[in-house]
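K.L.:
Below is a structure I'd like to ask you about.
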Amino acid sequence: MNYVNVIGSTKKKRALAESAVTFCISELMPRMRTLEVELNLKNLKTEGVCGWCYEGDGNRDFYIDVEKTLDDEELVETVCHEMVHVWQGATRKMKDLTCGRKMYMGKVYDDTTAYSDEPWEIEAYAMQGELLEKFKEEYVI
């Protein structure tokens, strides 16, 4: 059984974020039953990002941080984006290697690749909007 835990911010935002994570799992990985996702709604303004995702030490263990002051639609869109990264990692489409390197679809990328050229980011940006629209069809935000 998948495990989802959302911490930080308000009860309302935690519930919305948890719904978005659960929705993305059902859309992207409907047969997966061994995911562990912890999402932390926190202050990321000093980092200059809306969110990020990283793998934990365990198999299919992921951590997501999302800016806590985003409005509801931005929050869901950011969660959708980060859940694409969870899907990429859980399906081993993307693997974190050592020294800032990543393998995506069998090709190794290092930290000299521009953010806008990283194929996993291109894919996440391409998928986040569609996921957001599907989410909005089922949930009121």
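Simple scheme: letters A, B, ... for chains in structure tokens order, numbers from 1 for residues in each chain, numbers from 1 for ligands in the order shown.
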From a backbone DSSP assignment, name each residue in chain A labelled strand (DSSP E or B), as a PyMOL selection string.
P.N.:
chain A and resi 3-8+36-42+51-55+61-67+94-96+102-104+107-109
K.L.:
Give me, as a tab-separated table, the closest atom pair and its distance (Å, one decimal) for every residue of region 86-137 of chain A within a cut-off of 10 Å of region 24-45 of chain A, counting only C-alpha atoms, rows sorted by chain and rising number.
P.N.:
```
residue	atom	partner	partner_atom	distance
A:Val86	CA	A:Val37	CA	8.4
A:Trp87	CA	A:Leu28	CA	6.6
A:Gln88	CA	A:Leu28	CA	9.6
A:Ala90	CA	A:Leu35	CA	7.8
A:Thr91	CA	A:Met29	CA	8.7
A:Gln128	CA	A:Cys24	CA	9.9
A:Leu131	CA	A:Cys24	CA	7.3
A:Leu132	CA	A:Cys24	CA	9.3
A:Lys134	CA	A:Glu27	CA	9.2
A:Phe135	CA	A:Cys24	CA	8.4
```
K.L.:
Emit the selected residues as a tab-separated table (two decimals), in the first residue's frame, including all heavy atoms.
P.N.:
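Final output, part.tsv:
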```tsv
chain	number	residue	atom	x	y	z
A	86	VAL	N	8.53	12.06	-9.27
A	86	VAL	CA	8.36	10.82	-8.51
A	86	VAL	C	8.14	9.66	-9.48
A	86	VAL	O	8.77	8.61	-9.36
A	86	VAL	CB	7.19	10.93	-7.50
A	86	VAL	CG1	6.86	9.56	-6.90
A	86	VAL	CG2	7.54	11.93	-6.40
A	87	TRP	N	7.26	9.86	-10.44
A	87	TRP	CA	6.99	8.82	-11.46
A	87	TRP	C	8.27	8.48	-12.22
A	87	TRP	O	8.56	7.29	-12.44
A	87	TRP	CB	5.89	9.34	-12.39
A	87	TRP	CG	5.71	8.57	-13.66
A	87	TRP	CD1	5.20	7.30	-13.78
A	87	TRP	CD2	6.05	9.00	-14.98
A	87	TRP	NE1	5.19	6.94	-15.11
A	87	TRP	CE2	5.71	7.96	-15.86
A	87	TRP	CE3	6.58	10.18	-15.50
A	87	TRP	CZ2	5.89	8.06	-17.23
A	87	TRP	CZ3	6.76	10.27	-16.87
A	87	TRP	CH2	6.42	9.22	-17.72
A	88	GLN	N	9.04	9.50	-12.61
A	88	GLN	CA	10.28	9.25	-13.34
A	88	GLN	C	11.24	8.40	-12.50
A	88	GLN	O	11.89	7.49	-13.01
A	88	GLN	CB	10.96	10.58	-13.72
A	88	GLN	CG	10.22	11.36	-14.77
A	88	GLN	CD	10.70	12.81	-14.87
A	88	GLN	OE1	11.27	13.37	-13.93
A	88	GLN	NE2	10.44	13.43	-16.02
A	90	ALA	N	10.41	6.48	-9.70
A	90	ALA	CA	9.82	5.20	-9.30
A	90	ALA	C	9.85	4.18	-10.43
A	90	ALA	O	9.96	2.97	-10.18
A	90	ALA	CB	8.39	5.41	-8.81
A	91	THR	N	9.75	4.65	-11.66
A	91	THR	CA	9.78	3.75	-12.81
A	91	THR	C	11.20	3.58	-13.36
A	91	THR	O	11.40	2.92	-14.36
A	91	THR	CB	8.86	4.26	-13.94
A	91	THR	OG1	9.29	5.56	-14.35
A	91	THR	CG2	7.41	4.29	-13.48
A	128	GLN	N	2.62	18.69	-16.36
A	128	GLN	CA	1.97	19.30	-15.20
A	128	GLN	C	0.63	19.94	-15.53
A	128	GLN	O	-0.32	19.84	-14.76
A	128	GLN	CB	2.90	20.29	-14.50
A	128	GLN	CG	3.09	21.60	-15.25
A	128	GLN	CD	4.10	22.52	-14.60
A	128	GLN	OE1	5.02	22.09	-13.92
A	128	GLN	NE2	3.95	23.81	-14.83
A	131	LEU	N	-2.12	17.28	-16.05
A	131	LEU	CA	-2.50	16.72	-14.75
A	131	LEU	C	-3.35	17.71	-13.96
A	131	LEU	O	-4.35	17.33	-13.34
A	131	LEU	CB	-1.26	16.31	-13.96
A	131	LEU	CG	-0.53	15.07	-14.46
A	131	LEU	CD1	0.85	14.96	-13.82
A	131	LEU	CD2	-1.35	13.82	-14.18
A	132	LEU	N	-2.96	18.97	-13.97
A	132	LEU	CA	-3.72	20.01	-13.27
A	132	LEU	C	-5.15	20.08	-13.80
A	132	LEU	O	-6.11	20.11	-13.02
A	132	LEU	CB	-3.04	21.37	-13.40
A	132	LEU	CG	-3.83	22.58	-12.87
A	132	LEU	CD1	-4.06	22.48	-11.38
A	132	LEU	CD2	-3.11	23.87	-13.24
A	134	LYS	N	-6.93	17.79	-15.37
A	134	LYS	CA	-7.67	16.58	-14.97
A	134	LYS	C	-8.05	16.64	-13.50
A	134	LYS	O	-9.15	16.25	-13.12
A	134	LYS	CB	-6.84	15.32	-15.24
A	134	LYS	CG	-6.79	14.91	-16.68
A	134	LYS	CD	-6.04	13.59	-16.82
A	134	LYS	CE	-5.99	13.13	-18.26
A	134	LYS	NZ	-5.25	11.86	-18.38
A	135	PHE	N	-7.13	17.13	-12.67
A	135	PHE	CA	-7.41	17.27	-11.24
A	135	PHE	C	-8.59	18.20	-11.03
A	135	PHE	O	-9.49	17.91	-10.24
A	135	PHE	CB	-6.16	17.78	-10.50
A	135	PHE	CG	-6.35	17.92	-9.02
A	135	PHE	CD1	-6.14	16.85	-8.17
A	135	PHE	CD2	-6.74	19.14	-8.46
A	135	PHE	CE1	-6.32	16.96	-6.80
A	135	PHE	CE2	-6.91	19.27	-7.09
A	135	PHE	CZ	-6.70	18.17	-6.25
```
K.L.:
Quick one: residues within 9 Å of Cys50 (chain A), only C-alpha atoms counted, chain neighbours fewer than 3 positions away excluded, as a PyMOL selection string?
P.N.:
chain A and resi 44-45+47+65-68+70+74-75+78
K.L.:
For Lys107 (chain A), work out the shell of residues within 12 Å, counting only C-alpha atoms and skipping chain neighbours fewer than 6 positions away, then give it as a VMD selection string.
P.N.:
chain A and resid 93 to 97 101 118 to 120
K.L.:
Please identify all polymer residues within 9 Å of Asp110 (chain A), counting only C-alpha atoms, omitting same-chain residues fewer than 5 positions from it, and present them as a PyMOL selection string.
P.N.:
chain A and resi 99-103
K.L.:
Could you pull the residues within 7 Å of region 11-21 of chain A, counting only C-alpha atoms, minus those fewer than 4 positions along the same chain, as a PDB file with C-alpha atoms, in the first residue's frame?
P.N.:
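As written to disk, result_19.pdb reads:
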```
ATOM      1  CA  VAL A   6       1.898  15.823   4.130  1.00  0.00           C
ATOM      2  CA  ILE A   7       3.263  18.180   6.779  1.00  0.00           C
ATOM      3  CA  ILE A  25      -0.335   8.397  -8.220  1.00  0.00           C
ATOM      4  CA  VAL A  76      -1.641  21.678  -7.166  1.00  0.00           C
ATOM      5  CA  VAL A  79       2.641  19.079  -6.757  1.00  0.00           C
ATOM      6  CA  CYS A  80       1.767  17.665 -10.205  1.00  0.00           C
ATOM      7  CA  MET A  83       4.910  13.991  -8.871  1.00  0.00           C
TER       8      MET A  83
END
```
